file coords_34.pdb (PDB, C-alpha atoms and all ligand atoms)
ATOM      1  CA  MET A  21       0.000   0.000   0.000
ATOM      2  CA  LEU A  22       1.286   3.396  -0.985
ATOM      3  CA  ILE A  23       0.371   5.039   2.242
ATOM      4  CA  VAL A  24       2.866   2.903   4.088
ATOM      5  CA  TYR A  25       5.711   4.527   2.227
ATOM      6  CA  ARG A  26       4.685   8.134   2.751
ATOM      7  CA  TYR A  27       7.145   8.576   5.599
ATOM      8  CA  HIS A  28      10.534  10.156   5.033
ATOM      9  CA  ILE A  29      12.564  10.443   8.162
ATOM     10  CA  SER A  30      14.697  13.185   6.647
ATOM     11  CA  ASN A  31      11.602  15.431   6.423
ATOM     12  CA  ARG A  32      10.902  15.141  10.088
ATOM     13  CA  LYS A  33      11.398  17.747  12.728
ATOM     14  CA  VAL A  34      14.747  17.255  14.427
ATOM     15  CA  ILE A  35      14.340  17.042  18.159
ATOM     16  CA  THR A  36      16.898  18.895  20.144
ATOM     17  CA  PRO A  37      18.393  16.679  22.842
ATOM     18  CA  LYS A  38      17.810  17.866  26.382
ATOM     19  CA  PRO A  39      20.478  15.984  28.289
ATOM     20  CA  THR A  40      20.894  18.513  31.073
ATOM     21  CA  GLN A  41      17.450  17.949  32.638
ATOM     22  CA  THR A  42      18.217  14.395  33.600
ATOM     23  CA  ALA A  43      21.852  15.133  34.207
ATOM     24  CA  HIS A  44      20.872  17.630  36.930
ATOM     25  CA  ARG A  45      18.616  15.149  38.641
ATOM     26  CA  LYS A  46      21.057  12.302  38.610
ATOM     27  CA  GLY A  47      24.388  14.103  38.935
ATOM     28  CA  VAL A  48      26.165  15.791  36.070
ATOM     29  CA  ASN A  49      28.660  13.101  35.100
ATOM     30  CA  LYS A  50      26.534  10.100  35.871
ATOM     31  CA  LYS A  51      26.273   7.545  33.104
ATOM     32  CA  MET A  52      22.689   6.721  32.178
ATOM     33  CA  PRO A  53      22.834   3.644  29.992
ATOM     34  CA  ILE A  54      20.145   2.543  27.581
ATOM     35  CA  ILE A  55      20.071  -0.981  26.184
ATOM     36  CA  PHE A  56      18.098  -2.158  23.156
ATOM     37  CA  ILE A  57      17.137  -5.843  23.039
ATOM     38  CA  ILE A  58      17.005  -7.020  19.438
ATOM     39  CA  GLY A  59      16.650 -10.332  17.608
ATOM     40  CA  THR A  60      14.482 -12.220  15.121
ATOM     41  CA  ALA A  61      10.780 -12.770  15.858
ATOM     42  CA  GLY A  62      10.373 -15.257  18.688
ATOM     43  CA  SER A  63      14.039 -15.195  19.712
ATOM     44  CA  GLY A  64      12.947 -14.318  23.260
ATOM     45  CA  LYS A  65      13.328 -10.517  23.450
ATOM     46  CA  SER A  66      10.262  -9.812  25.575
ATOM     47  CA  LEU A  67      10.729 -12.672  28.007
ATOM     48  CA  PHE A  68      14.412 -11.815  28.354
ATOM     49  CA  THR A  69      13.514  -8.159  29.019
ATOM     50  CA  ALA A  70      11.124  -9.366  31.725
ATOM     51  CA  ALA A  71      13.627 -11.745  33.327
ATOM     52  CA  PHE A  72      16.571  -9.360  33.237
ATOM     53  CA  SER A  73      14.614  -6.372  34.553
ATOM     54  CA  GLU A  74      13.274  -8.486  37.442
ATOM     55  CA  TRP A  75      16.781  -9.761  38.163
ATOM     56  CA  LEU A  76      18.135  -6.193  38.180
ATOM     57  CA  LYS A  77      15.402  -5.068  40.548
ATOM     58  CA  MET A  78      16.235  -7.935  42.892
ATOM     59  CA  SER A  79      19.868  -6.755  42.742
ATOM     60  CA  LYS A  80      18.629  -3.286  43.864
ATOM     61  CA  GLN A  81      19.320  -1.713  40.488
ATOM     62  CA  ASP A  82      17.051   1.091  39.366
ATOM     63  CA  VAL A  83      15.743   0.037  35.951
ATOM     64  CA  ALA A  84      12.960   1.241  33.638
ATOM     65  CA  VAL A  85      11.519  -0.920  30.856
ATOM     66  CA  VAL A  86      10.305   0.460  27.534
ATOM     67  CA  ASN A  87       8.041  -1.463  25.156
ATOM     68  CA  LEU A  88       8.677  -0.246  21.595
ATOM     69  CA  ASP A  89       6.490  -2.883  19.928
ATOM     70  CA  PRO A  90       3.197  -1.265  18.909
ATOM     71  CA  GLY A  91       1.809  -4.614  17.699
ATOM     72  CA  THR A  92       2.220  -6.685  20.835
ATOM     73  CA  LEU A  93      -0.966  -7.834  22.523
ATOM     74  CA  LYS A  94       0.482  -9.249  25.717
ATOM     75  CA  LEU A  95       3.781  -8.606  27.493
ATOM     76  CA  PRO A  96       5.462 -10.660  30.222
ATOM     77  CA  TYR A  97       6.330  -7.421  32.118
ATOM     78  CA  SER A  98       4.630  -4.126  32.987
ATOM     79  CA  PRO A  99       6.351  -1.487  30.888
ATOM     80  CA  ASP A 100       7.256   1.859  32.459
ATOM     81  CA  VAL A 101       7.041   3.393  28.989
ATOM     82  CA  ASP A 102       4.767   1.917  26.310
ATOM     83  CA  ILE A 103       4.658   2.905  22.630
ATOM     84  CA  ARG A 104       1.117   1.499  22.460
ATOM     85  CA  ASN A 105      -0.015   4.617  24.340
ATOM     86  CA  TYR A 106       0.868   6.581  21.202
ATOM     87  CA  VAL A 107       0.647   4.213  18.225
ATOM     88  CA  ASP A 108      -2.396   1.965  17.840
ATOM     89  CA  VAL A 109      -2.117  -0.769  15.188
ATOM     90  CA  GLY A 110      -5.884  -1.508  15.286
ATOM     91  CA  ASN A 111      -6.681   2.153  14.555
ATOM     92  CA  LEU A 112      -4.248   2.210  11.631
ATOM     93  CA  MET A 113      -5.904  -0.874  10.122
ATOM     94  CA  GLU A 114      -9.295   0.760  10.395
ATOM     95  CA  LYS A 115      -8.338   4.272   9.335
ATOM     96  CA  TYR A 116      -6.243   3.320   6.291
ATOM     97  CA  GLY A 117      -7.844  -0.005   5.356
ATOM     98  CA  LEU A 118      -4.578  -1.858   5.980
ATOM     99  CA  GLY A 119      -4.064  -5.525   6.749
ATOM    100  CA  PRO A 120      -2.096  -6.513   9.875
ATOM    101  CA  ASN A 121       1.299  -6.479   8.112
ATOM    102  CA  GLY A 122       0.760  -3.129   6.408
ATOM    103  CA  ALA A 123      -0.421  -1.627   9.700
ATOM    104  CA  LEU A 124       2.620  -3.025  11.531
ATOM    105  CA  ILE A 125       4.969  -1.484   8.971
ATOM    106  CA  MET A 126       3.211   1.846   9.202
ATOM    107  CA  ALA A 127       3.210   1.656  12.991
ATOM    108  CA  ALA A 128       6.949   0.958  13.010
ATOM    109  CA  ASP A 129       7.505   4.121  10.977
ATOM    110  CA  LEU A 130       5.173   6.158  13.167
ATOM    111  CA  ILE A 131       7.188   5.299  16.278
ATOM    112  CA  ALA A 132       9.790   7.798  15.092
ATOM    113  CA  ASP A 133       7.220  10.599  15.309
ATOM    114  CA  GLU A 134       6.658   9.758  18.963
ATOM    115  CA  ILE A 135      10.282  10.181  19.964
ATOM    116  CA  GLU A 136       9.481  13.331  21.963
ATOM    117  CA  ASN A 137       6.783  11.526  23.989
ATOM    118  CA  VAL A 138       8.964   8.460  24.520
ATOM    119  CA  THR A 139      11.902  10.632  25.609
ATOM    120  CA  ARG A 140       9.664  12.508  28.056
ATOM    121  CA  ASP A 141       8.260   9.276  29.502
ATOM    122  CA  ILE A 142      11.752   7.816  29.898
ATOM    123  CA  GLU A 143      12.868  10.968  31.687
ATOM    124  CA  SER A 144       9.835  10.786  33.980
ATOM    125  CA  ALA A 145      10.715   7.198  34.881
ATOM    126  CA  ASN A 146      14.033   8.679  36.096
ATOM    127  CA  ALA A 147      15.827   5.311  36.283
ATOM    128  CA  ASP A 148      19.562   4.637  36.219
ATOM    129  CA  LEU A 149      19.289   2.014  33.479
ATOM    130  CA  VAL A 150      16.758   1.734  30.652
ATOM    131  CA  LEU A 151      15.936  -1.543  28.862
ATOM    132  CA  VAL A 152      14.171  -1.236  25.537
ATOM    133  CA  ASP A 153      12.240  -4.219  24.134
ATOM    134  CA  THR A 154      12.220  -3.627  20.359
ATOM    135  CA  PRO A 155       9.449  -4.679  17.910
ATOM    136  CA  GLY A 156       8.861  -8.424  17.551
ATOM    137  CA  GLN A 157       9.801  -8.488  13.871
ATOM    138  CA  MET A 158      13.367  -7.289  13.846
ATOM    139  CA  GLU A 159      13.281  -5.905  10.308
ATOM    140  CA  LEU A 160      10.608  -3.392  11.307
ATOM    141  CA  PHE A 161      13.108  -1.839  13.673
ATOM    142  CA  ALA A 162      16.550  -2.546  12.243
ATOM    143  CA  PHE A 163      15.864  -2.342   8.528
ATOM    144  CA  ARG A 164      13.635   0.687   8.306
ATOM    145  CA  ALA A 165      14.695   4.281   8.851
ATOM    146  CA  SER A 166      12.865   4.634  12.172
ATOM    147  CA  GLY A 167      15.023   2.199  14.232
ATOM    148  CA  PRO A 168      18.418   3.904  13.857
ATOM    149  CA  TYR A 169      16.651   7.281  14.105
ATOM    150  CA  ILE A 170      15.152   6.320  17.483
ATOM    151  CA  VAL A 171      18.405   4.875  18.809
ATOM    152  CA  ASN A 172      20.242   8.065  17.857
ATOM    153  CA  GLU A 173      17.611  10.485  19.102
ATOM    154  CA  LEU A 174      17.106   9.019  22.568
ATOM    155  CA  THR A 175      19.378  11.222  24.595
ATOM    156  CA  ARG A 176      20.636   8.734  27.139
ATOM    157  CA  GLU A 177      24.250   7.572  27.029
ATOM    158  CA  PRO A 178      26.004   5.186  26.814
ATOM    159  CA  LYS A 179      24.037   2.914  24.473
ATOM    160  CA  ALA A 180      24.341  -0.772  23.646
ATOM    161  CA  MET A 181      22.519  -3.261  21.451
ATOM    162  CA  VAL A 182      21.902  -6.770  22.754
ATOM    163  CA  TYR A 183      21.395  -9.265  19.925
ATOM    164  CA  LEU A 184      19.688 -12.573  20.721
ATOM    165  CA  PHE A 185      20.731 -15.769  18.956
ATOM    166  CA  ASP A 186      17.887 -18.240  19.441
ATOM    167  CA  ALA A 187      19.636 -21.369  20.764
ATOM    168  CA  VAL A 188      17.225 -23.785  19.114
ATOM    169  CA  PHE A 189      17.706 -22.143  15.711
ATOM    170  CA  SER A 190      21.499 -21.831  16.107
ATOM    171  CA  ILE A 191      22.053 -25.529  16.623
ATOM    172  CA  ASN A 192      23.702 -26.227  13.245
ATOM    173  CA  PRO A 193      26.643 -24.302  11.760
ATOM    174  CA  PHE A 194      24.690 -23.092   8.717
ATOM    175  CA  ASN A 195      21.950 -21.496  10.827
ATOM    176  CA  TYR A 196      24.525 -20.180  13.257
ATOM    177  CA  VAL A 197      26.473 -18.427  10.480
ATOM    178  CA  SER A 198      23.223 -17.060   9.004
ATOM    179  CA  ASN A 199      22.514 -15.550  12.408
ATOM    180  CA  MET A 200      26.029 -14.075  12.560
ATOM    181  CA  PHE A 201      25.327 -12.515   9.185
ATOM    182  CA  LEU A 202      22.078 -10.976  10.471
ATOM    183  CA  SER A 203      23.693  -9.645  13.599
ATOM    184  CA  ALA A 204      26.523  -8.110  11.526
ATOM    185  CA  ALA A 205      23.816  -6.422   9.428
ATOM    186  CA  VAL A 206      22.225  -5.091  12.625
ATOM    187  CA  TYR A 207      25.591  -3.770  13.801
ATOM    188  CA  ASN A 208      25.981  -2.072  10.446
ATOM    189  CA  ARG A 209      22.656  -0.265  10.966
ATOM    190  CA  PHE A 210      23.319   1.096  14.448
ATOM    191  CA  PHE A 211      27.096   1.203  14.954
ATOM    192  CA  GLN A 212      26.684   0.805  18.717
ATOM    193  CA  PRO A 213      28.500  -1.633  21.011
ATOM    194  CA  GLN A 214      26.748  -4.977  20.509
ATOM    195  CA  VAL A 215      26.536  -7.860  22.973
ATOM    196  CA  HIS A 216      25.496 -11.311  21.730
ATOM    197  CA  LEU A 217      23.385 -13.684  23.782
ATOM    198  CA  LEU A 218      22.448 -17.295  23.152
ATOM    199  CA  SER A 219      18.835 -17.150  24.339
ATOM    200  CA  LYS A 220      16.650 -20.041  25.616
ATOM    201  CA  CYS A 221      19.709 -22.147  26.431
ATOM    202  CA  ASP A 222      17.562 -24.191  28.877
ATOM    203  CA  LEU A 223      15.986 -25.799  25.796
ATOM    204  CA  LEU A 224      19.242 -27.446  24.668
ATOM    205  CA  PRO A 225      21.386 -30.110  26.312
ATOM    206  CA  ARG A 226      24.489 -28.643  27.949
ATOM    207  CA  LYS A 227      26.749 -30.224  25.306
ATOM    208  CA  GLU A 228      24.938 -28.425  22.491
ATOM    209  CA  VAL A 229      25.154 -25.091  24.322
ATOM    210  CA  GLU A 230      28.882 -25.613  24.773
ATOM    211  CA  LYS A 231      29.297 -26.503  21.099
ATOM    212  CA  ILE A 232      27.651 -23.234  20.019
ATOM    213  CA  THR A 233      29.532 -21.046  22.488
ATOM    214  CA  ASP A 234      32.735 -22.753  21.363
ATOM    215  CA  TRP A 235      31.946 -21.732  17.754
ATOM    216  CA  ALA A 236      31.734 -18.152  18.997
ATOM    217  CA  ALA A 237      34.930 -18.261  21.050
ATOM    218  CA  ASN A 238      36.981 -20.320  18.664
ATOM    219  CA  PRO A 239      36.565 -19.664  14.903
ATOM    220  CA  ARG A 240      38.632 -22.815  14.164
ATOM    221  CA  ALA A 241      35.939 -24.982  15.774
ATOM    222  CA  LEU A 242      33.314 -23.252  13.630
ATOM    223  CA  GLU A 243      35.412 -23.722  10.484
ATOM    224  CA  ASP A 244      35.693 -27.443  11.267
ATOM    225  CA  SER A 245      31.914 -27.750  11.648
ATOM    226  CA  ILE A 246      31.357 -25.772   8.440
ATOM    227  CA  GLU A 247      33.626 -28.163   6.525
ATOM    228  CA  GLN A 248      31.178 -30.948   7.349
ATOM    229  CA  LEU A 249      28.313 -29.133   5.565
ATOM    230  CA  GLU A 250      27.260 -30.035   2.037
ATOM    231  CA  GLY A 251      27.970 -28.053  -1.167
ATOM    232  CA  ALA A 252      26.427 -24.584  -1.399
ATOM    233  CA  LYS A 253      25.793 -24.329   2.338
ATOM    234  CA  ARG A 254      29.468 -25.011   3.050
ATOM    235  CA  LEU A 255      30.600 -22.392   0.547
ATOM    236  CA  PHE A 256      28.157 -19.785   1.792
ATOM    237  CA  SER A 257      29.025 -20.353   5.455
ATOM    238  CA  ARG A 258      32.757 -20.340   4.821
ATOM    239  CA  ASN A 259      32.622 -17.091   2.850
ATOM    240  CA  ILE A 260      30.350 -15.325   5.323
ATOM    241  CA  LEU A 261      32.625 -16.352   8.169
ATOM    242  CA  HIS A 262      35.653 -14.964   6.331
ATOM    243  CA  ALA A 263      33.867 -11.713   5.515
ATOM    244  CA  ILE A 264      32.826 -11.249   9.145
ATOM    245  CA  SER A 265      36.303 -11.977  10.481
ATOM    246  CA  GLN A 266      37.712  -9.475   7.979
ATOM    247  CA  ILE A 267      35.543  -6.673   9.313
ATOM    248  CA  GLY A 268      36.740  -7.619  12.785
ATOM    249  CA  LEU A 269      33.403  -8.219  14.528
ATOM    250  CA  LYS A 270      33.730 -10.235  17.710
ATOM    251  CA  PHE A 271      31.045 -12.790  18.458
ATOM    252  CA  MET A 272      31.462 -13.826  22.051
ATOM    253  CA  LEU A 273      28.151 -15.467  22.956
ATOM    254  CA  ILE A 274      26.782 -15.536  26.481
ATOM    255  CA  PRO A 275      24.301 -18.379  27.048
ATOM    256  CA  VAL A 276      21.211 -17.151  28.909
ATOM    257  CA  SER A 277      17.788 -18.400  29.857
ATOM    258  CA  ALA A 278      14.821 -16.235  30.711
ATOM    259  CA  LYS A 279      13.208 -19.293  32.308
ATOM    260  CA  THR A 280      16.021 -20.284  34.683
ATOM    261  CA  ASN A 281      17.943 -16.949  34.840
ATOM    262  CA  GLU A 282      21.089 -18.761  33.776
ATOM    263  CA  GLY A 283      23.772 -16.407  32.458
ATOM    264  CA  LEU A 284      22.250 -13.182  33.757
ATOM    265  CA  ILE A 285      25.202 -12.521  36.072
ATOM    266  CA  ASN A 286      27.661 -13.005  33.201
ATOM    267  CA  PHE A 287      25.635 -10.826  30.923
ATOM    268  CA  ASN A 288      25.336  -8.084  33.521
ATOM    269  CA  THR A 289      29.078  -8.138  34.240
ATOM    270  CA  THR A 290      29.746  -7.736  30.504
ATOM    271  CA  LEU A 291      27.262  -4.868  30.269
ATOM    272  CA  GLU A 292      28.746  -3.088  33.274
ATOM    273  CA  ARG A 293      32.201  -3.421  31.759
ATOM    274  CA  ILE A 294      31.072  -1.967  28.434
ATOM    275  CA  LEU A 295      28.741   0.716  29.741
ATOM    276  CA  THR A 296      30.027   1.943  33.073
ATOM    277  CA  GLY A 297      33.612   0.718  33.262
ATOM    278  CA  GLY A 298      32.558  -2.002  35.744
ATOM    279  CA  GLU A 299      30.489   0.266  38.051
ATOM    280  CA  LYS A 300      26.959  -0.664  39.134
ATOM    281  CA  TYR A 301      24.187   1.384  37.480
ATOM    282  CA  THR A 302      22.702   2.279  40.876
ATOM    283  CA  SER A 303      25.284   2.751  43.599
TER     284      SER A 303
HETATM  285  P1  LIG B 401      10.192 -12.136  21.015
HETATM  286  O1  LIG B 401       9.234 -12.238  19.858
HETATM  287  O2  LIG B 401      11.604 -12.104  20.539
HETATM  288  O3  LIG B 401       9.876 -11.028  21.969
HETATM  289  O4  LIG B 401      10.062 -13.529  21.821
HETATM  290  P2  LIG B 401       9.249 -13.864  23.158
HETATM  291  O5  LIG B 401       9.908 -13.283  24.366
HETATM  292  O6  LIG B 401       7.811 -13.516  22.949
HETATM  293  O7  LIG B 401       9.446 -15.440  23.232
HETATM  294  C1  LIG B 401       8.977 -16.283  22.209
HETATM  295  C2  LIG B 401       8.640 -17.642  22.814
HETATM  296  O8  LIG B 401       9.813 -18.249  23.350
HETATM  297  C3  LIG B 401       7.641 -17.566  23.957
HETATM  298  O9  LIG B 401       6.795 -18.666  23.888
HETATM  299  C4  LIG B 401       8.512 -17.636  25.202
HETATM  300  O10 LIG B 401       7.839 -18.207  26.310
HETATM  301  C5  LIG B 401       9.645 -18.540  24.734
HETATM  302  N1  LIG B 401      10.896 -18.212  25.437
HETATM  303  C6  LIG B 401      11.513 -17.018  25.497
HETATM  304  N2  LIG B 401      12.642 -17.089  26.210
HETATM  305  C7  LIG B 401      12.760 -18.361  26.632
HETATM  306  C8  LIG B 401      13.722 -19.066  27.432
HETATM  307  O11 LIG B 401      14.734 -18.519  27.906
HETATM  308  N3  LIG B 401      13.488 -20.392  27.633
HETATM  309  C9  LIG B 401      12.402 -21.032  27.115
HETATM  310  N4  LIG B 401      12.270 -22.346  27.386
HETATM  311  N5  LIG B 401      11.476 -20.404  26.372
HETATM  312  C10 LIG B 401      11.643 -19.090  26.129
END

call {"tool": "encode", "arguments": {"input": "coords_34.pdb", "output": "C-alpha cells"}}
result
Amino acid sequence: MLIVYRYHISNRKVITPKPTQTAHRKGVNKKMPIIFIIGTAGSGKSLFTAAFSEWLKMSKQDVAVVNLDPGTLKLPYSPDVDIRNYVDVGNLMEKYGLGPNGALIMAADLIADEIENVTRDIESANADLVLVDTPGQMELFAFRASGPYIVNELTREPKAMVYLFDAVFSINPFNYVSNMFLSAAVYNRFFQPQVHLLSKCDLLPRKEVEKITDWAANPRALEDSIEQLEGAKRLFSRNILHAISQIGLKFMLIPVSAKTNEGLINFNTTLERILTGGEKYTS
C-alpha cells in the first residue's frame, strides 16, 4: 500500500536533545545507559527483558523498561514506557484499510514521530538504566529508517545493542552463520556496542550449548563444523565467516535463559564493563 511509504525520516522535525534535565537530577557526570534488546521474531526478546529487569530489581538496580512494539498484545512485564499509548495498530488498520502487516509497517515508521513523547516518559521514569524491548519483527526496527533514528535520538548515554541468537535455531553451523550474518547487518545499521546472547539455552542439552559457544569463542571450531556441511551451504558459510572476520566483529556469545535466569550474572558483568567501566548502574 502506498500510504505505508509516505514517511521520510529526513523530512521530520529534528528534536533537540535535552540531556541537562536528567543530568541535573542524577548528577552531572553520571552515566545513564540505555540498552536495546534485538533479535528475530520469537528469539525471546520480551521474556528476556522481563527476566533481566526483574533480576536487576532484585539486585537493587534502578531500571525502567520500555516497550517499543506497537503490535504486541500481551507482554510478560509491565512497561514503564509503552509505545502502544501513542501508536495503535488496530486504529491504523481501520483508518487506512490496511491488513495486519501493512499496519505493523506503518506503525513501526510512526514510532519515530513519537520520539518526543517516549523521551519525556523515559525521563519521567528517572531510572539509572533503561531496557528497551524492540518490535517483535526485527526488520521493522533494524531495517527501516525509524530504528536507527530512534536509537540516535534518545538522549541517554552510553548505548548498547543486545542481539539474541535463538539457541534452538542456532544448533547447526549453517543457521549459526546465518545468524552471525544478520547480527553483523544489525551492527551495520546502528554502529553501537553490541553484545550477543544465546537465548533459551535451557531448551538445549548442555553439550549443544557448549558446542555453540565454542563456535563463537573459537573460529577454528566453527570452520571445522562448516567443513562438514554439504555443497552450497558449506561455501556460503565459509565465505560469510571470512567476511565477518575481515571486518573484525567479535562474536562472544553468552548463554542465557529467561526461564532459569542462567547467564544473567555473566551478561550483567559484561554490560557493566562496556557501559560503566565495571560500576553498578545504581550505587
Ligand atoms: P520475542 O518475539 O523475541 O519477543 O520472543 P518472546 O519473548 O515472545 O518469546 C517467544 C517464545 O519463546 C515464547 O513462547 C517464550 O515463552 C519462549 N521463550 C523465550 N525465552 C525463553 C527461554 O529462555 N526459555 C524457554 N524455554 N522459552 C523461552

call {"tool": "resolve_selection", "arguments": {"input": "coords_34.pdb", "expression": "the PyMOL selection byres (((chain A and resi 301) around 8) and not hetatm)", "output": "count of residues only"}}
result
13

call {"tool": "residues_near_ligand", "arguments": {"input": "coords_34.pdb", "ligand": "ligand LIG 401 (chain B)", "cutoff": "8 Å", "atoms": "all atoms listed in the file", "output": "ChimeraX atom specification"}}
result
/A:58-69,95-96,153-157,219-223,276-281

call {"tool": "residues_near_point", "arguments": {"input": "coords_34.pdb", "point": "(23.6, 3.8, 26.0)", "cutoff": "8 Å", "atoms": "all atoms listed in the file", "output": "short mmCIF file (atom, residue, chain, number, x, y, z; two decimals) with C-alpha atoms, in the coordinates of the input"}}
result
data_model
loop_
_atom_site.label_atom_id
_atom_site.label_comp_id
_atom_site.auth_asym_id
_atom_site.auth_seq_id
_atom_site.Cartn_x
_atom_site.Cartn_y
_atom_site.Cartn_z
CA MET A 52 22.69 6.72 32.18
CA PRO A 53 22.83 3.64 29.99
CA ILE A 54 20.14 2.54 27.58
CA ILE A 55 20.07 -0.98 26.18
CA ARG A 176 20.64 8.73 27.14
CA GLU A 177 24.25 7.57 27.03
CA PRO A 178 26.00 5.19 26.81
CA LYS A 179 24.04 2.91 24.47
CA ALA A 180 24.34 -0.77 23.65
CA LEU A 295 28.74 0.72 29.74
#

call {"tool": "closest_residue", "arguments": {"input": "coords_34.pdb", "among": "A:Ala71, A:Leu160, A:Met181, A:Met272", "to": "Leu88 (chain A)", "atoms": "only C-alpha atoms"}}
result
A:Leu160

call {"tool": "atom_distance", "arguments": {"input": "coords_34.pdb", "atom1": "CA of Tyr196 (chain A)", "atom2": "CA of Leu218 (chain A)"}}
result
10.5 Å

call {"tool": "axis_aligned_box", "arguments": {"input": "coords_34.pdb", "around": "region 108-127 of chain A", "padding_each_side": "6 Å", "output": "lines of an AutoDock Vina configuration file"}}
result
center_x = -2.2
center_y = -1.1
center_z = 11.6
size_x = 26.3
size_y = 22.8
size_z = 24.5

call {"tool": "residues_around", "arguments": {"input": "coords_34.pdb", "residues": "Val150 (chain A)", "least_positions_apart": "4", "cutoff": "6 Å", "atoms": "all atoms listed in the file", "output": "list in words"}}
result
Ile54, Val83, Ala84 and Val85 of chain A

call {"tool": "residues_around", "arguments": {"input": "coords_34.pdb", "residues": "Ala204 (chain A)", "least_positions_apart": "3", "cutoff": "10 Å", "atoms": "all atoms listed in the file", "output": "ChimeraX atom specification"}}
result
/A:183,198-201,207-209,211,214,264,267,269-271

call {"tool": "write_last_selection", "arguments": {"input": "coords_34.pdb", "atoms": "C-alpha atoms", "output": "CSV table (one decimal), in the coordinates of the input"}}
result
chain,number,residue,atom,x,y,z
A,183,TYR,CA,21.4,-9.3,19.9
A,198,SER,CA,23.2,-17.1,9.0
A,199,ASN,CA,22.5,-15.6,12.4
A,200,MET,CA,26.0,-14.1,12.6
A,201,PHE,CA,25.3,-12.5,9.2
A,207,TYR,CA,25.6,-3.8,13.8
A,208,ASN,CA,26.0,-2.1,10.4
A,209,ARG,CA,22.7,-0.3,11.0
A,211,PHE,CA,27.1,1.2,15.0
A,214,GLN,CA,26.7,-5.0,20.5
A,264,ILE,CA,32.8,-11.2,9.1
A,267,ILE,CA,35.5,-6.7,9.3
A,269,LEU,CA,33.4,-8.2,14.5
A,270,LYS,CA,33.7,-10.2,17.7
A,271,PHE,CA,31.0,-12.8,18.5

call {"tool": "atom_distance", "arguments": {"input": "coords_34.pdb", "atom1": "CA of His216 (chain A)", "atom2": "CA of Leu273 (chain A)"}}
result
5.1 Å

call {"tool": "closest_residue", "arguments": {"input": "coords_34.pdb", "among": "A:Met158, A:Val206, A:Ala236, A:Ile135", "to": "Asn172 (chain A)", "atoms": "all atoms listed in the file"}}
result
A:Ile135

call {"tool": "atom_distance", "arguments": {"input": "coords_34.pdb", "atom1": "CA of Pro239 (chain A)", "atom2": "CA of Arg258 (chain A)"}}
result
10.8 Å

call {"tool": "residues_around", "arguments": {"input": "coords_34.pdb", "residues": "Lys253 (chain A)", "least_positions_apart": "6", "cutoff": "10 Å", "atoms": "only C-alpha atoms", "output": "MDAnalysis selection string"}}
result
chainID A and resid 193:195 246:247 259

call {"tool": "residues_near_point", "arguments": {"input": "coords_34.pdb", "point": "(23.1, -25.6, 16.8)", "cutoff": "9 Å", "atoms": "all atoms listed in the file", "output": "list of chain:residue names"}}
result
A:Ala187, A:Val188, A:Phe189, A:Ser190, A:Ile191, A:Asn192, A:Pro193, A:Phe194, A:Asn195, A:Tyr196, A:Leu224, A:Glu228, A:Val229, A:Lys231, A:Ile232

call {"tool": "resolve_selection", "arguments": {"input": "coords_34.pdb", "expression": "the PyMOL selection byres (((chain A and resi 101-107) around 8) and not hetatm)", "output": "list of chain:residue names"}}
result
A:Ala84, A:Val85, A:Val86, A:Asn87, A:Leu88, A:Asp89, A:Pro90, A:Gly91, A:Pro99, A:Asp100, A:Asp108, A:Val109, A:Ala127, A:Leu130, A:Ile131, A:Glu134, A:Val138, A:Asp141, A:Ile142, A:Ala145

call {"tool": "closest_residue", "arguments": {"input": "coords_34.pdb", "among": "A:Thr233, A:Gln248, A:Ser166, A:Glu159", "to": "Ala205 (chain A)", "atoms": "only C-alpha atoms"}}
result
A:Glu159

call {"tool": "decode", "arguments": {"input": "coords_34.pdb", "residues": "region 281-292 of chain A", "atoms": "N, CA and C atoms", "output": "mmCIF file, in the first residue's frame"}}
result
data_model
loop_
_atom_site.group_PDB
_atom_site.id
_atom_site.type_symbol
_atom_site.label_atom_id
_atom_site.label_comp_id
_atom_site.auth_asym_id
_atom_site.auth_seq_id
_atom_site.Cartn_x
_atom_site.Cartn_y
_atom_site.Cartn_z
ATOM 1 N N ASN A 281 17.037 -18.061 34.498
ATOM 2 C CA ASN A 281 17.943 -16.949 34.840
ATOM 3 C C ASN A 281 19.417 -17.307 34.672
ATOM 4 N N GLU A 282 19.689 -18.425 34.037
ATOM 5 C CA GLU A 282 21.089 -18.761 33.776
ATOM 6 C C GLU A 282 21.746 -17.652 32.946
ATOM 7 N N GLY A 283 22.977 -17.330 33.276
ATOM 8 C CA GLY A 283 23.772 -16.407 32.458
ATOM 9 C C GLY A 283 23.534 -14.935 32.723
ATOM 10 N N LEU A 284 22.551 -14.601 33.575
ATOM 11 C CA LEU A 284 22.250 -13.182 33.757
ATOM 12 C C LEU A 284 23.397 -12.453 34.461
ATOM 13 N N ILE A 285 24.064 -13.165 35.380
ATOM 14 C CA ILE A 285 25.202 -12.521 36.072
ATOM 15 C C ILE A 285 26.303 -12.218 35.064
ATOM 16 N N ASN A 286 26.620 -13.199 34.228
ATOM 17 C CA ASN A 286 27.661 -13.005 33.201
ATOM 18 C C ASN A 286 27.319 -11.855 32.281
ATOM 19 N N PHE A 287 26.082 -11.873 31.849
ATOM 20 C CA PHE A 287 25.635 -10.826 30.923
ATOM 21 C C PHE A 287 25.767 -9.455 31.588
ATOM 22 N N ASN A 288 25.310 -9.373 32.841
ATOM 23 C CA ASN A 288 25.336 -8.084 33.521
ATOM 24 C C ASN A 288 26.772 -7.593 33.735
ATOM 25 N N THR A 289 27.675 -8.528 34.059
ATOM 26 C CA THR A 289 29.078 -8.138 34.240
ATOM 27 C C THR A 289 29.635 -7.565 32.930
ATOM 28 N N THR A 290 29.298 -8.221 31.819
ATOM 29 C CA THR A 290 29.746 -7.736 30.504
ATOM 30 C C THR A 290 29.181 -6.347 30.219
ATOM 31 N N LEU A 291 27.886 -6.178 30.499
ATOM 32 C CA LEU A 291 27.262 -4.868 30.269
ATOM 33 C C LEU A 291 27.926 -3.786 31.110
ATOM 34 N N GLU A 292 28.134 -4.093 32.391
ATOM 35 C CA GLU A 292 28.746 -3.088 33.274
ATOM 36 C C GLU A 292 30.126 -2.701 32.756
#
